[in-house]
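Peer 1: Structure below; questions to follow.
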Amino acid sequence: MDRRDFIRRTIAAAAVGAVTGPAAMARKAEKQAEKAEKANNILNYNPQMRYRPMGRTGVMVSALGFGMLRLPTDGSGRVDFDQTTPMVRRAIEGGVNYIDTGRVYLGGQSEQAVGKALAGGWRDRVYVTSKAPWWEMQSEADFDRLFDESRRAIGTDVIDFYHIHMIMHRGWKEKVLPYKLIEKMERLKAQGKIRFMGFSFHDSLKLFKEVVEYTPAWDFCLIQHNYLDYEYEAGVLGPKYAAANGMGLAVMKPVRTGLLANLPDVMRRALASTGVNKPDAEWALDYLWDTPEVSVAVSGMGSMADVEANLKYAAKAAPNMLSPAEREALGAAIKAYRSVEGHIDCTGCYQCIPCPHNVAIGYIFAYVYNNYLVHRNLDRAMADYTVSMSPVQRGDPASSCVGCGACLPKCPQHLDIPSLLARVKETMGK
């Protein structure tokens, strides 16, 4: 800087001070001090990331969480660790401090991927989650075995956020309560082996409320939610109910296993018709971040391009961020989705289950078949239908329906469920 530049900048600074005055400068200094204090209280703080409170835990988590389920593979089903590790570390450099994995994800490879990515000092910069799969437990002792396997795979003594995985009607009644899994979680927390206890959920709002109310010890929960799933499972009321009980809320499947990140033309046209333009995935994430009760949106990322895009979106994340025009656009997209020919008007409320023949009625209609109708990709639909649906967890396919009609009086939509299941069987082949 030469002498003239120095004089010019000094005069400009003095002019600013004269205009703003001591009071304004004091307020600015105070804000800077508050910002510095906030940064000191946030793990892995990055000014380009937004952070939100995780319920009663006292922890601030990044608006964007890294979901370690949809990782890049080498073509044979094996996770490409060499590609995954730089992705995770780039997300952490961008301010992400919430890494979500599970014991059963990718056949155990997900936890291994977390361990590899966090080796060498990265572990201390993030909160790590994992999950106890009740369907793999044949006795109470299996809980501790699975927990210790998770710690070894991740390479950590303490798991920050530990879940009972995928609570559903069968698991809740047949494993969680009889095996005293909640009490076992409380013991782990008392021993300092986990910091916070919670659960992930896939069932009706009624059961969600029952689980939340079962114990005041819950610190957080993980539910599926996105702008299409405002009635599905815990739905739009789930976040509010969790927050009302002091719980932090993580949300999975913000892009509905990819559907909302690569919209069918009918939905994309509906969004564009309102005059608001943004990438498909940004629409989905903004919807969640707009919801004040949502602590962290857990997004599966399969490439470095996904990481960079999501970091860019997260830099703008804020409660109540959507404009009236953006809300109108999402409404138009929902209407377009529901208007596709053949759409089954199932909300996924799960009042029809348990089925006497174990058919996963709500999941098949609301999540598999209706998604298939908009993208017409049978291979993709079959992955949701077979890989993501097991008889022990969600239930059996449409072919297990015998037409008994036990579901008919339970459906608030008054759907002819047996006939619709026959249609699904014809389309899906099972």
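To be explicit about the labels: the chains of the structure tokens are called A, B, and onward in the order shown, and within each one the residues are counted from 1, while ligands get numbers from 1 in the order they are shown.
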Determine, counting only C-alpha atoms, which protein, DNA and RNA residues have an atom within 8 Å of an atom of range 205-214 of chain A; residues of the same chain fewer than 3 positions away are not included. Present the result as a list of chain:residue names.

Peer 2: A:Met168, A:His169, A:Phe201, A:Trp218, A:Glu233, A:Ala234, A:Gly235, A:Leu237, A:Gly238, A:Tyr241, A:Ala242, A:Asn245, A:Cys349

Peer 1: For the helix (DSSP H, G or I) assignment from backbone DSSP, which residues of range 334-374 of chain A qualify? Please present them as a PyMOL selection string.

Peer 2: chain A and resi 334-338+361-374

Peer 1: Could you pull the residues within 7 Å of range 223-228 of chain A, counting only C-alpha atoms, minus those fewer than 6 positions along the same chain, as JSON, numbers by chain?

Peer 2: {"A": [200, 201, 235, 250, 251, 252, 253, 254, 255, 284, 287, 288, 334]}

Peer 1: Generate a file of the selected residues that holds C-alpha atoms, formatted as a PDB file, in the first residue's frame.

Peer 2:
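Everything below was put into part-v4.pdb:
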ATOM      1  CA  SER A 200     -35.282 -43.366  14.542  1.00  0.00           C
ATOM      2  CA  PHE A 201     -38.858 -43.936  13.485  1.00  0.00           C
ATOM      3  CA  GLY A 235     -45.672 -36.271   9.125  1.00  0.00           C
ATOM      4  CA  ALA A 250     -32.909 -34.910  12.877  1.00  0.00           C
ATOM      5  CA  VAL A 251     -34.667 -35.536   9.559  1.00  0.00           C
ATOM      6  CA  MET A 252     -33.731 -38.273   7.106  1.00  0.00           C
ATOM      7  CA  LYS A 253     -34.665 -38.744   3.449  1.00  0.00           C
ATOM      8  CA  PRO A 254     -35.017 -35.010   2.723  1.00  0.00           C
ATOM      9  CA  VAL A 255     -35.003 -35.841  -1.003  1.00  0.00           C
ATOM     10  CA  ALA A 284     -36.235 -30.090  -0.701  1.00  0.00           C
ATOM     11  CA  TYR A 287     -38.383 -26.861   2.949  1.00  0.00           C
ATOM     12  CA  LEU A 288     -36.830 -28.596   5.963  1.00  0.00           C
ATOM     13  CA  ILE A 334     -47.327 -31.531  -4.353  1.00  0.00           C
TER      14      ILE A 334
END

Peer 1: Residues of range 86-189 of chain A classed as strand (DSSP E or B) by DSSP on the backbone are to be reported as an mmCIF file with N, CA and C atoms, in the first residue's frame.

Peer 2:
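Contents of states-v1.cif, as written:
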data_model
loop_
_atom_site.group_PDB
_atom_site.id
_atom_site.type_symbol
_atom_site.label_atom_id
_atom_site.label_comp_id
_atom_site.auth_asym_id
_atom_site.auth_seq_id
_atom_site.Cartn_x
_atom_site.Cartn_y
_atom_site.Cartn_z
ATOM 1 N N TYR A 98 -22.129 -33.115 12.029
ATOM 2 C CA TYR A 98 -23.063 -34.199 12.375
ATOM 3 C C TYR A 98 -22.940 -35.293 11.317
ATOM 4 N N ILE A 99 -22.418 -36.449 11.718
ATOM 5 C CA ILE A 99 -22.207 -37.575 10.812
ATOM 6 C C ILE A 99 -23.122 -38.715 11.244
ATOM 7 N N ASP A 100 -24.024 -39.116 10.357
ATOM 8 C CA ASP A 100 -25.050 -40.101 10.701
ATOM 9 C C ASP A 100 -24.784 -41.442 10.029
ATOM 10 N N TYR A 127 -19.920 -34.657 15.758
ATOM 11 C CA TYR A 127 -20.766 -35.550 16.538
ATOM 12 C C TYR A 127 -21.081 -36.760 15.653
ATOM 13 N N VAL A 128 -20.883 -37.934 16.215
ATOM 14 C CA VAL A 128 -21.122 -39.177 15.472
ATOM 15 C C VAL A 128 -22.366 -39.857 16.021
ATOM 16 N N THR A 129 -23.203 -40.351 15.124
ATOM 17 C CA THR A 129 -24.374 -41.122 15.523
ATOM 18 C C THR A 129 -24.206 -42.564 15.081
ATOM 19 N N SER A 130 -24.941 -43.458 15.704
ATOM 20 C CA SER A 130 -25.147 -44.801 15.163
ATOM 21 C C SER A 130 -26.437 -45.349 15.745
ATOM 22 N N LYS A 131 -26.778 -46.591 15.381
ATOM 23 C CA LYS A 131 -28.112 -47.097 15.675
ATOM 24 C C LYS A 131 -28.077 -48.585 16.031
ATOM 25 N N ALA A 132 -28.927 -48.954 16.986
ATOM 26 C CA ALA A 132 -29.047 -50.345 17.425
ATOM 27 C C ALA A 132 -30.233 -50.998 16.718
ATOM 28 N N PRO A 133 -29.989 -51.956 15.809
ATOM 29 C CA PRO A 133 -31.079 -52.578 15.040
ATOM 30 C C PRO A 133 -31.792 -53.676 15.828
ATOM 31 N N ILE A 159 -20.112 -42.788 21.476
ATOM 32 C CA ILE A 159 -20.991 -42.424 20.362
ATOM 33 C C ILE A 159 -21.872 -41.290 20.854
ATOM 34 N N ASP A 160 -21.840 -40.167 20.165
ATOM 35 C CA ASP A 160 -22.511 -38.964 20.662
ATOM 36 C C ASP A 160 -24.027 -39.106 20.684
ATOM 37 N N PHE A 161 -24.602 -39.502 19.559
ATOM 38 C CA PHE A 161 -26.048 -39.654 19.441
ATOM 39 C C PHE A 161 -26.341 -41.110 19.070
ATOM 40 N N TYR A 162 -26.928 -41.852 20.000
ATOM 41 C CA TYR A 162 -27.195 -43.272 19.756
ATOM 42 C C TYR A 162 -28.704 -43.501 19.699
ATOM 43 N N HIS A 163 -29.128 -44.218 18.647
ATOM 44 C CA HIS A 163 -30.546 -44.461 18.407
ATOM 45 C C HIS A 163 -30.934 -45.921 18.649
ATOM 46 N N ILE A 164 -32.166 -46.142 19.037
ATOM 47 C CA ILE A 164 -32.822 -47.419 18.761
ATOM 48 C C ILE A 164 -33.321 -47.296 17.329
ATOM 49 N N HIS A 165 -32.861 -48.170 16.474
ATOM 50 C CA HIS A 165 -33.054 -48.018 15.041
ATOM 51 C C HIS A 165 -34.458 -48.421 14.604
ATOM 52 N N MET A 166 -35.081 -47.565 13.815
ATOM 53 C CA MET A 166 -36.275 -47.891 13.032
ATOM 54 C C MET A 166 -37.410 -48.457 13.891
ATOM 55 N N ILE A 167 -37.821 -47.716 14.893
ATOM 56 C CA ILE A 167 -38.948 -48.176 15.707
ATOM 57 C C ILE A 167 -40.208 -48.240 14.857
#

Peer 1: Figure out the distance between CA of Met68 in chain A and CA of Gln83 in chain A, please, to one decimal in Å.

Peer 2: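 It comes out at 12.9 Å.
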
Peer 1: Nearest residue to Leu64 in chain A out of A:Leu378, A:Ala113, A:Met389, A:Leu311, using only C-alpha atoms?

Peer 2: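 Result for the nearest residue to Leu64 in chain A: A:Leu311.
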
Peer 1: Write out as a CSV table (one decimal) with all heavy atoms, in the first residue's frame each polymer residue whose atoms come within 12 Å of Cys411 in chain A, counting only C-alpha atoms; drop sequence neighbours fewer than 6 positions from it.

Peer 2:
chain,number,residue,atom,x,y,z
A,345,ASP,N,-54.4,-42.4,-3.4
A,345,ASP,CA,-54.5,-41.3,-2.4
A,345,ASP,C,-54.2,-41.8,-1.0
A,345,ASP,O,-55.0,-41.6,-0.1
A,345,ASP,CB,-55.8,-40.6,-2.5
A,345,ASP,CG,-55.8,-39.3,-1.8
A,345,ASP,OD1,-54.7,-38.7,-1.7
A,345,ASP,OD2,-56.9,-38.8,-1.5
A,346,CYS,N,-53.1,-42.5,-0.8
A,346,CYS,CA,-52.7,-43.0,0.5
A,346,CYS,C,-51.7,-42.0,1.2
A,346,CYS,O,-50.8,-41.6,0.5
A,346,CYS,CB,-52.0,-44.4,0.4
A,346,CYS,SG,-51.3,-45.0,1.9
A,347,THR,N,-52.0,-41.7,2.4
A,347,THR,CA,-51.2,-40.7,3.1
A,347,THR,C,-50.0,-41.4,3.9
A,347,THR,O,-49.2,-40.7,4.4
A,347,THR,CB,-52.0,-39.8,4.0
A,347,THR,OG1,-52.6,-40.7,5.1
A,347,THR,CG2,-53.1,-39.1,3.3
A,348,GLY,N,-50.0,-42.7,3.9
A,348,GLY,CA,-49.0,-43.4,4.8
A,348,GLY,C,-49.3,-43.2,6.2
A,348,GLY,O,-48.3,-43.2,7.0
A,349,CYS,N,-50.6,-43.1,6.6
A,349,CYS,CA,-50.9,-42.9,8.0
A,349,CYS,C,-50.7,-44.2,8.9
A,349,CYS,O,-50.7,-44.2,10.1
A,349,CYS,CB,-52.3,-42.4,8.2
A,349,CYS,SG,-53.6,-43.6,7.8
A,350,TYR,N,-50.7,-45.4,8.2
A,350,TYR,CA,-50.4,-46.7,8.8
A,350,TYR,C,-51.5,-47.1,9.7
A,350,TYR,O,-51.3,-48.0,10.5
A,350,TYR,CB,-49.1,-46.7,9.6
A,350,TYR,CG,-47.8,-46.7,8.7
A,350,TYR,CD1,-47.9,-46.6,7.3
A,350,TYR,CD2,-46.6,-46.8,9.2
A,350,TYR,CE1,-46.8,-46.6,6.5
A,350,TYR,CE2,-45.4,-46.9,8.4
A,350,TYR,CZ,-45.6,-46.8,7.0
A,350,TYR,OH,-44.5,-46.8,6.2
A,351,GLN,N,-52.7,-46.6,9.6
A,351,GLN,CA,-53.8,-47.0,10.5
A,351,GLN,C,-54.3,-48.4,10.0
A,351,GLN,O,-54.9,-49.1,10.8
A,351,GLN,CB,-55.0,-46.0,10.4
A,351,GLN,CG,-54.6,-44.7,11.1
A,351,GLN,CD,-55.9,-43.8,11.2
A,351,GLN,OE1,-56.9,-44.3,11.5
A,351,GLN,NE2,-55.7,-42.5,11.0
A,352,CYS,N,-53.9,-48.8,8.8
A,352,CYS,CA,-54.3,-50.1,8.3
A,352,CYS,C,-53.5,-51.3,8.8
A,352,CYS,O,-53.8,-52.5,8.6
A,352,CYS,CB,-54.3,-50.1,6.8
A,352,CYS,SG,-52.7,-49.6,6.1
A,353,ILE,N,-52.3,-51.0,9.4
A,353,ILE,CA,-51.5,-52.0,10.0
A,353,ILE,C,-51.6,-52.1,11.5
A,353,ILE,O,-51.9,-51.1,12.1
A,353,ILE,CB,-50.0,-51.8,9.5
A,353,ILE,CG1,-49.5,-50.5,10.0
A,353,ILE,CG2,-49.9,-51.9,8.0
A,353,ILE,CD1,-48.0,-50.3,9.7
A,361,ILE,N,-48.8,-52.3,3.8
A,361,ILE,CA,-49.8,-51.6,2.9
A,361,ILE,C,-49.4,-50.1,2.7
A,361,ILE,O,-49.2,-49.7,1.5
A,361,ILE,CB,-51.2,-51.6,3.5
A,361,ILE,CG1,-51.6,-53.1,3.7
A,361,ILE,CG2,-52.2,-50.9,2.6
A,361,ILE,CD1,-52.9,-53.3,4.5
A,362,GLY,N,-49.2,-49.3,3.7
A,362,GLY,CA,-49.0,-47.9,3.6
A,362,GLY,C,-47.6,-47.6,2.9
A,362,GLY,O,-47.6,-46.7,2.0
A,405,GLY,N,-60.0,-58.2,3.8
A,405,GLY,CA,-60.8,-57.0,4.0
A,405,GLY,C,-60.6,-56.4,5.4
A,405,GLY,O,-61.3,-55.4,5.7
A,417,ILE,N,-58.4,-51.2,-0.6
A,417,ILE,CA,-57.0,-51.7,-0.4
A,417,ILE,C,-56.7,-53.0,-1.1
A,417,ILE,O,-55.7,-53.1,-1.8
A,417,ILE,CB,-56.7,-51.7,1.1
A,417,ILE,CG1,-56.6,-50.3,1.6
A,417,ILE,CG2,-55.3,-52.4,1.3
A,417,ILE,CD1,-56.4,-50.2,3.1
A,418,PRO,N,-57.6,-54.1,-1.0
A,418,PRO,CA,-57.3,-55.3,-1.7
A,418,PRO,C,-57.2,-55.2,-3.2
A,418,PRO,O,-56.2,-55.7,-3.8
A,418,PRO,CB,-58.4,-56.2,-1.3
A,418,PRO,CG,-58.9,-55.7,0.1
A,418,PRO,CD,-58.7,-54.2,-0.1

Peer 1: Need to verify the contact set: Glu282 in chain A, 12 Å, only C-alpha atoms, exclusion of same-chain residues closer than 2 positions in sequence. Can you return it as a ChimeraX atom specification?

Peer 2: /A:64,226-227,254-255,260-263,276-280,284-290,297,299,306,309-317,322,326,330
